[in-house]
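K.L.:
Below is the file my_file-v6.cif, which contains mmCIF, C-alpha atoms and all ligand atoms.
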```cif
data_coords
loop_
_atom_site.group_PDB
_atom_site.id
_atom_site.type_symbol
_atom_site.label_atom_id
_atom_site.label_comp_id
_atom_site.auth_asym_id
_atom_site.auth_seq_id
_atom_site.Cartn_x
_atom_site.Cartn_y
_atom_site.Cartn_z
ATOM 1 C CA MET A 1065 154.310 60.151 141.739
ATOM 2 C CA LEU A 1066 155.256 63.476 140.120
ATOM 3 C CA LYS A 1067 158.891 63.394 139.094
ATOM 4 C CA ILE A 1068 161.068 66.072 137.477
ATOM 5 C CA ASP A 1069 162.815 64.145 134.718
ATOM 6 C CA LEU A 1070 165.433 65.971 132.645
ATOM 7 C CA THR A 1071 166.963 62.855 131.115
ATOM 8 C CA GLY A 1072 168.284 63.554 127.613
ATOM 9 C CA LYS A 1073 168.175 67.344 128.118
ATOM 10 C CA ASN A 1074 171.271 69.435 127.451
ATOM 11 C CA ILE A 1075 171.251 72.580 129.559
ATOM 12 C CA LEU A 1076 173.588 75.570 129.694
ATOM 13 C CA VAL A 1077 173.788 77.323 133.072
ATOM 14 C CA THR A 1078 175.646 80.622 133.081
ATOM 15 C CA GLY A 1079 177.361 81.587 136.317
ATOM 16 C CA ALA A 1080 177.388 77.965 137.455
ATOM 17 C CA SER A 1081 180.426 78.743 139.634
ATOM 18 C CA GLY A 1082 178.279 81.058 141.780
ATOM 19 C CA GLY A 1083 175.924 80.262 144.642
ATOM 20 C CA ILE A 1084 172.589 80.056 142.811
ATOM 21 C CA GLY A 1085 174.046 78.752 139.531
ATOM 22 C CA ALA A 1086 175.836 75.872 141.282
ATOM 23 C CA ALA A 1087 172.627 74.812 143.046
ATOM 24 C CA ILE A 1088 170.682 74.974 139.777
ATOM 25 C CA ALA A 1089 173.335 72.921 137.949
ATOM 26 C CA LYS A 1090 173.483 70.265 140.682
ATOM 27 C CA THR A 1091 169.708 69.948 140.957
ATOM 28 C CA MET A 1092 169.164 69.655 137.214
ATOM 29 C CA ALA A 1093 171.985 67.130 136.896
ATOM 30 C CA ALA A 1094 170.346 65.114 139.668
ATOM 31 C CA CYS A 1095 167.191 65.152 137.503
ATOM 32 C CA GLY A 1096 169.216 63.581 134.674
ATOM 33 C CA ALA A 1097 170.292 66.595 132.574
ATOM 34 C CA ARG A 1098 173.696 67.046 130.971
ATOM 35 C CA ILE A 1099 174.968 70.462 132.044
ATOM 36 C CA GLY A 1100 177.188 73.038 130.364
ATOM 37 C CA LEU A 1101 178.767 74.778 133.344
ATOM 38 C CA HIS A 1102 179.719 78.324 132.488
ATOM 39 C CA TYR A 1103 182.060 80.306 134.736
ATOM 40 C CA PHE A 1104 184.256 83.384 134.432
ATOM 41 C CA GLN A 1105 186.970 83.746 137.081
ATOM 42 C CA ASN A 1106 186.298 81.000 139.595
ATOM 43 C CA GLU A 1107 187.631 77.998 137.684
ATOM 44 C CA GLU A 1108 188.399 76.087 140.857
ATOM 45 C CA ARG A 1109 184.784 76.253 142.045
ATOM 46 C CA ALA A 1110 183.493 75.357 138.572
ATOM 47 C CA LYS A 1111 185.737 72.269 138.530
ATOM 48 C CA GLU A 1112 184.488 71.245 141.986
ATOM 49 C CA ILE A 1113 180.906 71.408 140.746
ATOM 50 C CA GLN A 1114 181.751 69.465 137.602
ATOM 51 C CA LYS A 1115 183.320 66.770 139.775
ATOM 52 C CA ALA A 1116 180.309 66.701 142.088
ATOM 53 C CA ILE A 1117 177.723 66.274 139.321
ATOM 54 C CA ASP A 1118 179.637 64.220 136.722
ATOM 55 C CA ASN A 1119 176.854 63.382 134.135
ATOM 56 C CA ASN A 1120 179.192 64.262 131.209
ATOM 57 C CA SER A 1121 178.982 67.914 132.126
ATOM 58 C CA GLU A 1122 181.381 70.315 130.403
ATOM 59 C CA LEU A 1123 183.088 73.498 131.585
ATOM 60 C CA TYR A 1124 183.050 76.756 129.622
ATOM 61 C CA ARG A 1125 184.872 79.948 130.502
ATOM 62 C CA ALA A 1126 183.651 83.305 129.162
ATOM 63 C CA ASP A 1127 183.568 86.928 130.222
ATOM 64 C CA LEU A 1128 179.975 87.904 129.506
ATOM 65 C CA ALA A 1129 180.971 91.570 129.413
ATOM 66 C CA ASP A 1130 182.676 90.751 126.078
ATOM 67 C CA HIS A 1131 180.177 89.992 123.290
ATOM 68 C CA THR A 1132 182.732 88.089 121.192
ATOM 69 C CA GLN A 1133 183.193 85.666 124.084
ATOM 70 C CA ILE A 1134 179.398 85.253 124.349
ATOM 71 C CA ALA A 1135 179.087 84.065 120.755
ATOM 72 C CA GLY A 1136 182.152 81.835 121.298
ATOM 73 C CA LEU A 1137 180.592 80.311 124.402
ATOM 74 C CA PHE A 1138 177.267 79.562 122.764
ATOM 75 C CA ASN A 1139 178.806 78.062 119.612
ATOM 76 C CA GLU A 1140 181.175 75.894 121.645
ATOM 77 C CA VAL A 1141 178.302 74.517 123.726
ATOM 78 C CA VAL A 1142 176.224 73.744 120.624
ATOM 79 C CA ASN A 1143 179.227 72.109 118.936
ATOM 80 C CA ASP A 1144 179.888 69.905 121.961
ATOM 81 C CA PHE A 1145 176.268 69.023 122.787
ATOM 82 C CA GLY A 1146 174.786 68.956 119.275
ATOM 83 C CA GLN A 1147 171.523 70.323 120.598
ATOM 84 C CA LEU A 1148 170.773 72.632 123.494
ATOM 85 C CA HIS A 1149 167.314 72.193 125.032
ATOM 86 C CA VAL A 1150 167.366 74.778 127.818
ATOM 87 C CA ILE A 1151 169.406 77.858 128.721
ATOM 88 C CA ILE A 1152 169.497 79.304 132.231
ATOM 89 C CA ASN A 1153 170.764 82.893 132.158
ATOM 90 C CA ASN A 1154 171.903 83.191 135.744
ATOM 91 C CA ALA A 1155 175.309 84.974 135.737
ATOM 92 C CA GLY A 1156 175.125 88.445 137.172
ATOM 93 C CA ILE A 1157 176.867 91.182 139.131
ATOM 94 C CA SER A 1158 175.727 93.813 141.597
ATOM 95 C CA LEU A 1159 178.120 96.744 141.763
ATOM 96 C CA GLU A 1160 177.706 99.243 144.546
ATOM 97 C CA SER A 1161 177.658 102.766 143.136
ATOM 98 C CA ASP A 1162 176.626 105.859 145.066
ATOM 99 C CA PRO A 1163 174.624 108.235 142.811
ATOM 100 C CA ALA A 1164 176.042 111.143 144.846
ATOM 101 C CA GLY A 1165 179.578 110.053 143.950
ATOM 102 C CA ASP A 1166 181.903 110.552 141.009
ATOM 103 C CA ASP A 1167 180.142 110.624 137.609
ATOM 104 C CA MET A 1168 182.729 108.505 135.799
ATOM 105 C CA LYS A 1169 182.641 105.740 138.435
ATOM 106 C CA TYR A 1170 178.841 105.812 138.318
ATOM 107 C CA LEU A 1171 178.798 105.565 134.525
ATOM 108 C CA ASN A 1172 181.402 102.800 134.418
ATOM 109 C CA ASP A 1173 179.486 100.770 136.998
ATOM 110 C CA TRP A 1174 176.233 101.407 135.137
ATOM 111 C CA HIS A 1175 177.660 100.191 131.809
ATOM 112 C CA LYS A 1176 179.382 97.157 133.352
ATOM 113 C CA THR A 1177 176.175 96.143 135.115
ATOM 114 C CA MET A 1178 174.172 96.436 131.911
ATOM 115 C CA GLU A 1179 176.821 94.528 129.923
ATOM 116 C CA VAL A 1180 176.854 91.510 132.204
ATOM 117 C CA ASN A 1181 173.274 91.428 133.504
ATOM 118 C CA LEU A 1182 171.192 92.650 130.594
ATOM 119 C CA ASN A 1183 173.176 92.835 127.343
ATOM 120 C CA ALA A 1184 174.705 89.382 127.745
ATOM 121 C CA THR A 1185 171.312 87.908 128.638
ATOM 122 C CA GLY A 1186 169.784 89.607 125.607
ATOM 123 C CA TYR A 1187 172.494 88.279 123.292
ATOM 124 C CA LEU A 1188 172.387 84.748 124.706
ATOM 125 C CA CYS A 1189 168.602 84.780 124.299
ATOM 126 C CA LYS A 1190 169.003 85.867 120.660
ATOM 127 C CA LEU A 1191 171.437 83.023 119.993
ATOM 128 C CA ALA A 1192 169.279 80.526 121.876
ATOM 129 C CA VAL A 1193 166.091 81.550 120.049
ATOM 130 C CA ALA A 1194 167.776 81.031 116.650
ATOM 131 C CA HIS A 1195 169.061 77.616 117.753
ATOM 132 C CA PHE A 1196 165.699 76.617 119.250
ATOM 133 C CA ILE A 1197 163.840 77.624 116.060
ATOM 134 C CA GLU A 1198 166.199 75.420 114.051
ATOM 135 C CA LYS A 1199 165.662 72.495 116.456
ATOM 136 C CA GLY A 1200 161.893 72.871 116.857
ATOM 137 C CA GLY A 1201 161.798 74.415 120.329
ATOM 138 C CA GLY A 1202 163.544 75.127 123.594
ATOM 139 C CA LYS A 1203 163.252 76.778 126.981
ATOM 140 C CA ILE A 1204 164.755 79.880 128.540
ATOM 141 C CA VAL A 1205 164.891 80.647 132.250
ATOM 142 C CA ASN A 1206 166.241 84.083 133.111
ATOM 143 C CA ILE A 1207 167.264 84.953 136.646
ATOM 144 C CA SER A 1208 166.016 88.441 137.378
ATOM 145 C CA SER A 1209 165.417 89.837 140.876
ATOM 146 C CA ARG A 1210 162.827 91.132 143.299
ATOM 147 C CA ALA A 1211 164.550 94.486 142.697
ATOM 148 C CA ALA A 1212 162.915 94.652 139.251
ATOM 149 C CA PHE A 1213 159.529 95.105 140.962
ATOM 150 C CA ARG A 1214 160.154 96.439 144.447
ATOM 151 C CA GLY A 1215 163.112 98.643 143.514
ATOM 152 C CA ASP A 1216 166.457 98.590 145.294
ATOM 153 C CA THR A 1217 168.498 100.830 147.568
ATOM 154 C CA LYS A 1218 170.190 103.881 146.060
ATOM 155 C CA GLU A 1219 173.576 102.155 145.581
ATOM 156 C CA TYR A 1220 172.025 99.531 143.295
ATOM 157 C CA LEU A 1221 169.991 101.595 140.805
ATOM 158 C CA ALA A 1222 171.764 100.054 137.804
ATOM 159 C CA TYR A 1223 171.266 96.554 139.197
ATOM 160 C CA ALA A 1224 167.506 97.059 139.586
ATOM 161 C CA ALA A 1225 167.234 98.616 136.117
ATOM 162 C CA SER A 1226 169.154 95.725 134.529
ATOM 163 C CA LYS A 1227 166.867 93.203 136.216
ATOM 164 C CA GLY A 1228 163.773 95.113 135.075
ATOM 165 C CA GLY A 1229 165.069 94.843 131.518
ATOM 166 C CA ILE A 1230 165.343 91.075 131.876
ATOM 167 C CA ILE A 1231 161.672 90.837 132.864
ATOM 168 C CA SER A 1232 160.394 92.551 129.725
ATOM 169 C CA LEU A 1233 162.918 90.736 127.517
ATOM 170 C CA THR A 1234 161.647 87.376 128.775
ATOM 171 C CA ARG A 1235 157.988 88.323 128.447
ATOM 172 C CA SER A 1236 158.541 89.488 124.870
ATOM 173 C CA ILE A 1237 160.311 86.253 123.901
ATOM 174 C CA ALA A 1238 157.470 84.241 125.431
ATOM 175 C CA ARG A 1239 154.877 86.154 123.427
ATOM 176 C CA ALA A 1240 156.835 86.294 120.177
ATOM 177 C CA TYR A 1241 158.074 82.708 119.886
ATOM 178 C CA GLY A 1242 155.550 80.506 121.688
ATOM 179 C CA LYS A 1243 154.117 79.118 118.476
ATOM 180 C CA LEU A 1244 157.619 78.044 117.467
ATOM 181 C CA GLY A 1245 157.906 75.889 120.576
ATOM 182 C CA ILE A 1246 159.917 78.340 122.661
ATOM 183 C CA VAL A 1247 158.910 79.113 126.238
ATOM 184 C CA ALA A 1248 160.560 81.645 128.537
ATOM 185 C CA PHE A 1249 160.332 82.266 132.277
ATOM 186 C CA ASN A 1250 161.683 84.716 134.850
ATOM 187 C CA ILE A 1251 162.737 83.863 138.362
ATOM 188 C CA ALA A 1252 162.792 86.830 140.739
ATOM 189 C CA PRO A 1253 164.670 85.952 143.929
ATOM 190 C CA GLY A 1254 164.843 88.143 146.983
ATOM 191 C CA PHE A 1255 167.984 87.910 149.109
ATOM 192 C CA VAL A 1256 169.681 84.548 148.717
ATOM 193 C CA ARG A 1257 172.643 83.496 150.835
ATOM 194 C CA THR A 1258 175.514 83.762 148.303
ATOM 195 C CA ASP A 1259 178.656 85.868 147.830
ATOM 196 C CA MET A 1260 176.571 88.496 146.050
ATOM 197 C CA ALA A 1261 174.222 89.028 148.989
ATOM 198 C CA LYS A 1262 177.132 89.022 151.462
ATOM 199 C CA ASP A 1263 178.286 92.470 150.329
ATOM 200 C CA PHE A 1264 174.828 93.940 150.765
ATOM 201 C CA ILE A 1265 174.300 92.300 154.162
ATOM 202 C CA LYS A 1266 177.700 93.624 155.245
ATOM 203 C CA ASN A 1267 176.556 97.163 154.375
ATOM 204 C CA TYR A 1268 173.006 97.045 155.723
ATOM 205 C CA GLY A 1269 173.214 94.370 158.432
ATOM 206 C CA ASP A 1270 171.409 91.076 159.087
ATOM 207 C CA GLU A 1271 168.444 92.763 160.704
ATOM 208 C CA PHE A 1272 167.646 94.939 157.692
ATOM 209 C CA VAL A 1273 167.404 91.797 155.581
ATOM 210 C CA SER A 1274 165.605 89.470 157.999
ATOM 211 C CA ASN A 1275 163.038 92.085 159.111
ATOM 212 C CA ASP A 1276 161.706 92.069 155.577
ATOM 213 C CA LEU A 1277 161.043 88.335 155.421
ATOM 214 C CA ALA A 1278 157.706 86.635 156.082
ATOM 215 C CA LEU A 1279 159.560 83.341 156.643
ATOM 216 C CA ASP A 1280 161.982 82.649 159.463
ATOM 217 C CA ARG A 1281 165.207 82.225 157.501
ATOM 218 C CA LEU A 1282 167.043 83.694 154.564
ATOM 219 C CA THR A 1283 166.520 81.957 151.212
ATOM 220 C CA GLU A 1284 169.288 79.501 150.260
ATOM 221 C CA PRO A 1285 170.348 78.626 146.674
ATOM 222 C CA ASP A 1286 168.656 75.239 147.145
ATOM 223 C CA ASP A 1287 165.339 77.059 147.655
ATOM 224 C CA ILE A 1288 165.649 78.435 144.091
ATOM 225 C CA ALA A 1289 166.961 75.425 142.163
ATOM 226 C CA PRO A 1290 163.925 73.049 142.217
ATOM 227 C CA MET A 1291 161.684 75.698 140.634
ATOM 228 C CA VAL A 1292 164.195 76.167 137.797
ATOM 229 C CA ALA A 1293 164.314 72.394 137.226
ATOM 230 C CA PHE A 1294 160.507 72.294 137.178
ATOM 231 C CA LEU A 1295 160.318 75.090 134.575
ATOM 232 C CA ALA A 1296 162.959 73.298 132.491
ATOM 233 C CA SER A 1297 161.001 70.033 132.601
ATOM 234 C CA GLY A 1298 158.141 71.070 130.307
ATOM 235 C CA MET A 1299 155.509 70.574 133.002
ATOM 236 C CA ALA A 1300 155.002 74.335 133.309
ATOM 237 C CA ASP A 1301 155.074 75.361 129.637
ATOM 238 C CA HIS A 1302 151.645 76.997 129.827
ATOM 239 C CA ALA A 1303 153.033 79.434 132.392
ATOM 240 C CA THR A 1304 155.314 80.862 129.677
ATOM 241 C CA GLY A 1305 156.094 84.549 130.157
ATOM 242 C CA CYS A 1306 155.500 84.420 133.892
ATOM 243 C CA THR A 1307 157.770 85.506 136.699
ATOM 244 C CA ILE A 1308 158.126 83.278 139.743
ATOM 245 C CA ASP A 1309 158.875 85.236 142.921
ATOM 246 C CA ILE A 1310 161.106 83.359 145.368
ATOM 247 C CA ASN A 1311 161.675 85.913 148.087
ATOM 248 C CA ALA A 1312 160.511 84.363 151.383
ATOM 249 C CA GLY A 1313 157.463 86.620 151.313
ATOM 250 C CA SER A 1314 159.549 89.797 151.463
ATOM 251 C CA TYR A 1315 157.693 91.316 148.521
ATOM 252 C CA VAL A 1316 154.288 90.043 147.518
ATOM 253 C CA HIS A 1317 152.674 91.687 144.483
HETATM 254 N N1 LIG B 1401 172.052 86.448 145.913
HETATM 255 C C1 LIG B 1401 170.982 87.203 145.872
HETATM 256 O O1 LIG B 1401 170.558 87.760 146.910
HETATM 257 C C2 LIG B 1401 170.251 87.415 144.577
HETATM 258 C C3 LIG B 1401 168.984 88.033 144.620
HETATM 259 C C4 LIG B 1401 168.279 88.223 143.450
HETATM 260 C C5 LIG B 1401 168.821 87.837 142.244
HETATM 261 N N2 LIG B 1401 170.060 87.258 142.221
HETATM 262 C C6 LIG B 1401 170.600 86.901 140.901
HETATM 263 O O2 LIG B 1401 170.961 85.535 140.878
HETATM 264 C C7 LIG B 1401 172.023 85.347 139.941
HETATM 265 C C8 LIG B 1401 173.138 84.535 140.600
HETATM 266 O O3 LIG B 1401 173.646 85.295 141.687
HETATM 267 P P1 LIG B 1401 174.427 84.665 142.937
HETATM 268 O O4 LIG B 1401 173.806 85.213 144.145
HETATM 269 O O5 LIG B 1401 174.584 83.202 142.772
HETATM 270 O O6 LIG B 1401 175.829 85.407 142.775
HETATM 271 P P2 LIG B 1401 177.337 84.888 142.852
HETATM 272 O O7 LIG B 1401 177.455 83.765 143.814
HETATM 273 O O8 LIG B 1401 178.135 86.120 143.046
HETATM 274 O O9 LIG B 1401 177.578 84.302 141.372
HETATM 275 C C9 LIG B 1401 177.663 85.148 140.262
HETATM 276 C C10 LIG B 1401 178.016 84.322 139.036
HETATM 277 O O10 LIG B 1401 178.098 85.201 137.892
HETATM 278 C C11 LIG B 1401 179.350 84.988 137.243
HETATM 279 N N3 LIG B 1401 179.857 86.240 136.665
HETATM 280 C C12 LIG B 1401 180.114 87.404 137.296
HETATM 281 N N4 LIG B 1401 180.635 88.300 136.412
HETATM 282 C C13 LIG B 1401 180.714 87.674 135.213
HETATM 283 C C14 LIG B 1401 181.188 88.039 133.924
HETATM 284 N N5 LIG B 1401 181.718 89.253 133.663
HETATM 285 N N6 LIG B 1401 181.116 87.138 132.939
HETATM 286 C C15 LIG B 1401 180.622 85.896 133.179
HETATM 287 N N7 LIG B 1401 180.153 85.480 134.362
HETATM 288 C C16 LIG B 1401 180.215 86.357 135.375
HETATM 289 C C17 LIG B 1401 180.284 84.504 138.335
HETATM 290 O O11 LIG B 1401 181.369 83.778 137.732
HETATM 291 P P3 LIG B 1401 182.846 83.632 138.423
HETATM 292 O O12 LIG B 1401 182.625 83.626 139.924
HETATM 293 O O13 LIG B 1401 183.361 82.335 137.891
HETATM 294 O O14 LIG B 1401 183.651 84.800 137.964
HETATM 295 C C18 LIG B 1401 179.357 83.619 139.153
HETATM 296 O O15 LIG B 1401 179.280 82.336 138.591
HETATM 297 C C19 LIG B 1401 172.461 86.746 139.506
HETATM 298 O O16 LIG B 1401 171.885 87.059 138.259
HETATM 299 C C20 LIG B 1401 171.877 87.637 140.581
HETATM 300 O O17 LIG B 1401 171.637 88.951 140.125
HETATM 301 C C21 LIG B 1401 170.776 87.038 143.353
#
```
What does this structure look like when you write it as structure tokens?
Ligand SMILES: NC(=O)c1ccc[n+]([C@@H]2O[C@H](COP(=O)([O-])OP(=O)(O)OC[C@H]3O[C@@H](n4cnc5c(N)ncnc54)[C@H](OP(=O)(O)O)[C@@H]3O)[C@@H](O)[C@H]2O)c1
P.N.:
Amino acid sequence: MLKIDLTGKNILVTGASGGIGAAIAKTMAACGARIGLHYFQNEERAKEIQKAIDNNSELYRADLADHTQIAGLFNEVVNDFGQLHVIINNAGISLESDPAGDDMKYLNDWHKTMEVNLNATGYLCKLAVAHFIEKGGGKIVNISSRAAFRGDTKEYLAYAASKGGIISLTRSIARAYGKLGIVAFNIAPGFVRTDMAKDFIKNYGDEFVSNDLALDRLTEPDDIAPMVAFLASGMADHATGCTIDINAGSYVH
């Protein structure tokens, strides 16, 4: 029987207080991993998840828009866990910003999106790569988006661009550090039923979203999590650099 066994693995999940991050954390804990649960504002939800998974998981608060907090977060996790085996860069934002609107709002939204989605991921990958080299290897799973390939609607240009950056970042890490035991993967979800998607669905309606799908229901966070656990397990190391689309057949390329 094929079993995903993460026993003895220490794994940091950013944005574990959110819809997809919580499902990833719970699934990997159920596979035996010890989880570092990162959150920003939703401490209550993060505590609920910690309680639900137990497994000696730890909570970490950090604003990923602030690079000093990113270094603090990573060092704290390494201090507590001794060794980190896997990092899941999942935290993200999608700010609605009309390109026909005010320039300053557009620029502020653009910079904020890049800070949280791309710059923080890039910095956490840098810190993780250094740690993994020291420890003889490690795995990175970055949560990108279908938008990186298909493009997005006009209000989410920055979001799509930030997710495109994650794809090439991950591919470059995979190619540059494979011989040092580091593997890196992208996950590219389509719409997933979480708070983030709610705003979009509110704007564009259920039909706009469901008409796109090949399957008969919207993707749930639990449809994403098992693939992340599988990539973290080591069974897929020779797929390093790849992107796994999980979009209910809404964009096949
Ligand atoms: N839902 C979708 O349709 C969809 C589709 C494609 C890709 N994705 C990607 O999947 C990932 C997870 O999204 P989700 O749908 O689970 O969204 P979500 O439920 O809104 O969760 C977002 C997470 O990111 C954290 N976060 C937000 N701003 C932050 C900041 N400044 N610093 C640190 N953490 C911050 C949130 O923490 P707090 O709540 O604690 O503040 C939360 O844990 C994101 O990268 C998203 O782009 C989602």
K.L.:
Could you write out as number ranges by chain the residues that the PyMOL selection byres (((not hetatm)) within 6 of (chain B and resi 1401)) matches in the shown file?
P.N.:
A: 1079-1085, 1103-1106, 1126-1129, 1154-1157, 1180, 1207-1209, 1253-1261
K.L.:
Range 1166-1173 of chain A: which residues within 10 Å, counting all atoms listed in the file, same-chain residues fewer than 4 positions away excluded, as a list in words?
P.N.:
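Using all atoms listed in the file, the neighbours found are Ser1158, Leu1159, Glu1160, Ser1161, Asp1162, Thr1177, Met1178, Glu1179, Glu1219, Tyr1220, Ala1222 and Tyr1223 of chain A.
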K.L.:
As a check of understanding, name the residues that the PyMOL selection byres (((chain A and resi 1317) around 9) and not hetatm) selects in the supplied structure, as a list in words.
P.N.:
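Selected by the PyMOL selection byres (((chain A and resi 1317) around 9) and not hetatm) here: Phe1213, Arg1214, Tyr1315 and Val1316 of chain A.
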K.L.:
What's the separation between CA of Ala1303 in chain A and CA of Leu1233 in chain A, in Å to one decimal place?
P.N.:
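Atom-to-atom, CA of Ala1303 in chain A to CA of Leu1233 in chain A, that is 15.8 Å.
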K.L.:
Determine the residue set returned by the PyMOL selection byres (((chain A and resi 1066) around 12) and not hetatm) for the present structure, and present it as number ranges by chain.
P.N.:
A: 1065, 1067-1069, 1294, 1297, 1299
K.L.:
Report, in Å with one decimal, the straight-line distance from CA of Ala1212 in chain A to CA of Gly1298 in chain A.
P.N.:
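Going from CA of Ala1212 in chain A over to CA of Gly1298 in chain A covers 25.7 Å.
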K.L.:
Looking at A:Leu1070, A:Met1092, A:Ala1252, A:Asn1275, which one is nearest to Ala1289 in chain A, with distances taken over all atoms listed in the file?
P.N.:
A:Met1092
K.L.:
Rounded to one decimal, what separation in Å do you get between CA of Tyr1187 in chain A and CA of Lys1111 in chain A?
P.N.:
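Pair CA of Tyr1187 in chain A / CA of Lys1111 in chain A returns 25.8 Å.
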K.L.:
Show me, as a list of chain:residue names, the residues that have an atom within 10 Å of Ala1296 in chain A when counting only C-alpha atoms, minus same-chain residues fewer than 2 positions from it.
P.N.:
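With the cut-off at 10 Å, the set is A:Ile1068, A:Asp1069, A:Leu1070, A:Lys1073, A:Ile1075, A:Met1092, A:Ala1097, A:His1149, A:Val1150, A:Ile1151, A:Ile1152, A:Gly1202, A:Lys1203, A:Ile1204, A:Val1205, A:Val1247, A:Ala1248, A:Phe1249, A:Pro1290, A:Met1291, A:Val1292, A:Ala1293, A:Phe1294, A:Gly1298, A:Met1299, A:Ala1300, A:Asp1301.
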K.L.:
Do you have, as a Markdown table, the list of residues of range 1162-1262 of chain A lying at most 12 Å from range 1141-1147 of chain A, each with its nearest atom pair and that distance in Å to one decimal, counting all atoms listed in the file and ordered by chain then number?
P.N.:
```
| residue | atom | partner | partner_atom | distance |
| --- | --- | --- | --- | --- |
| A:Leu1188 | CA | A:Val1141 | CA | 11.9 |
| A:Leu1191 | CA | A:Val1142 | CA | 10.5 |
| A:Ala1192 | CA | A:Val1142 | CA | 9.8 |
| A:Ala1194 | CA | A:Val1142 | CA | 11.8 |
| A:His1195 | CA | A:Gln1147 | CA | 8.2 |
| A:Phe1196 | CA | A:Gln1147 | CA | 8.7 |
| A:Ile1197 | CA | A:Gln1147 | CA | 11.5 |
| A:Glu1198 | CA | A:Gln1147 | CA | 9.9 |
| A:Lys1199 | CA | A:Gln1147 | CA | 7.5 |
| A:Gly1200 | CA | A:Gln1147 | CA | 10.6 |
| A:Gly1201 | CA | A:Gln1147 | CA | 10.6 |
| A:Gly1202 | CA | A:Gln1147 | CA | 9.8 |
```
K.L.:
Which polymer residues have any atom within 12 Å of an atom of Asn1119 in chain A, counting all atoms listed in the file, with same-chain residues fewer than 5 positions away left out, as a ChimeraX atom specification?
P.N.:
/A:1070-1075,1089-1101,1113-1114
K.L.:
Restricting the calculation to only C-alpha atoms, which member of A:Asn1267, A:Phe1272, A:Ala1184, A:His1302 is positioned closest to Ala1135 in chain A?
P.N.:
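With only C-alpha atoms as the atom set, the closest residue is A:Ala1184.
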K.L.:
Rebuild range 1178-1189 of chain A so that it carries N, CA and C atoms, then output the result as a PDB file, in the coordinates of the input.
P.N.:
```pdb
ATOM      1  N   MET A1178     175.043  96.719 133.062  1.00  0.00           N
ATOM      2  CA  MET A1178     174.172  96.436 131.911  1.00  0.00           C
ATOM      3  C   MET A1178     174.817  95.382 131.000  1.00  0.00           C
ATOM      4  N   GLU A1179     176.127  95.489 130.793  1.00  0.00           N
ATOM      5  CA  GLU A1179     176.821  94.528 129.923  1.00  0.00           C
ATOM      6  C   GLU A1179     176.598  93.099 130.405  1.00  0.00           C
ATOM      7  N   VAL A1180     176.884  92.883 131.688  1.00  0.00           N
ATOM      8  CA  VAL A1180     176.854  91.510 132.204  1.00  0.00           C
ATOM      9  C   VAL A1180     175.411  91.039 132.445  1.00  0.00           C
ATOM     10  N   ASN A1181     174.615  91.895 133.080  1.00  0.00           N
ATOM     11  CA  ASN A1181     173.274  91.428 133.504  1.00  0.00           C
ATOM     12  C   ASN A1181     172.259  91.442 132.368  1.00  0.00           C
ATOM     13  N   LEU A1182     172.265  92.516 131.586  1.00  0.00           N
ATOM     14  CA  LEU A1182     171.192  92.650 130.594  1.00  0.00           C
ATOM     15  C   LEU A1182     171.665  92.366 129.159  1.00  0.00           C
ATOM     16  N   ASN A1183     172.763  93.005 128.741  1.00  0.00           N
ATOM     17  CA  ASN A1183     173.176  92.835 127.343  1.00  0.00           C
ATOM     18  C   ASN A1183     173.559  91.388 127.048  1.00  0.00           C
ATOM     19  N   ALA A1184     174.298  90.779 127.960  1.00  0.00           N
ATOM     20  CA  ALA A1184     174.705  89.382 127.745  1.00  0.00           C
ATOM     21  C   ALA A1184     173.485  88.465 127.717  1.00  0.00           C
ATOM     22  N   THR A1185     172.538  88.728 128.614  1.00  0.00           N
ATOM     23  CA  THR A1185     171.312  87.908 128.638  1.00  0.00           C
ATOM     24  C   THR A1185     170.549  88.089 127.327  1.00  0.00           C
ATOM     25  N   GLY A1186     170.476  89.337 126.869  1.00  0.00           N
ATOM     26  CA  GLY A1186     169.784  89.607 125.607  1.00  0.00           C
ATOM     27  C   GLY A1186     170.445  88.910 124.430  1.00  0.00           C
ATOM     28  N   TYR A1187     171.773  88.914 124.401  1.00  0.00           N
ATOM     29  CA  TYR A1187     172.494  88.279 123.292  1.00  0.00           C
ATOM     30  C   TYR A1187     172.379  86.756 123.368  1.00  0.00           C
ATOM     31  N   LEU A1188     172.528  86.210 124.570  1.00  0.00           N
ATOM     32  CA  LEU A1188     172.387  84.748 124.706  1.00  0.00           C
ATOM     33  C   LEU A1188     170.969  84.298 124.353  1.00  0.00           C
ATOM     34  N   CYS A1189     169.981  85.125 124.683  1.00  0.00           N
ATOM     35  CA  CYS A1189     168.602  84.780 124.299  1.00  0.00           C
ATOM     36  C   CYS A1189     168.459  84.812 122.779  1.00  0.00           C
TER      37      CYS A1189
END
```
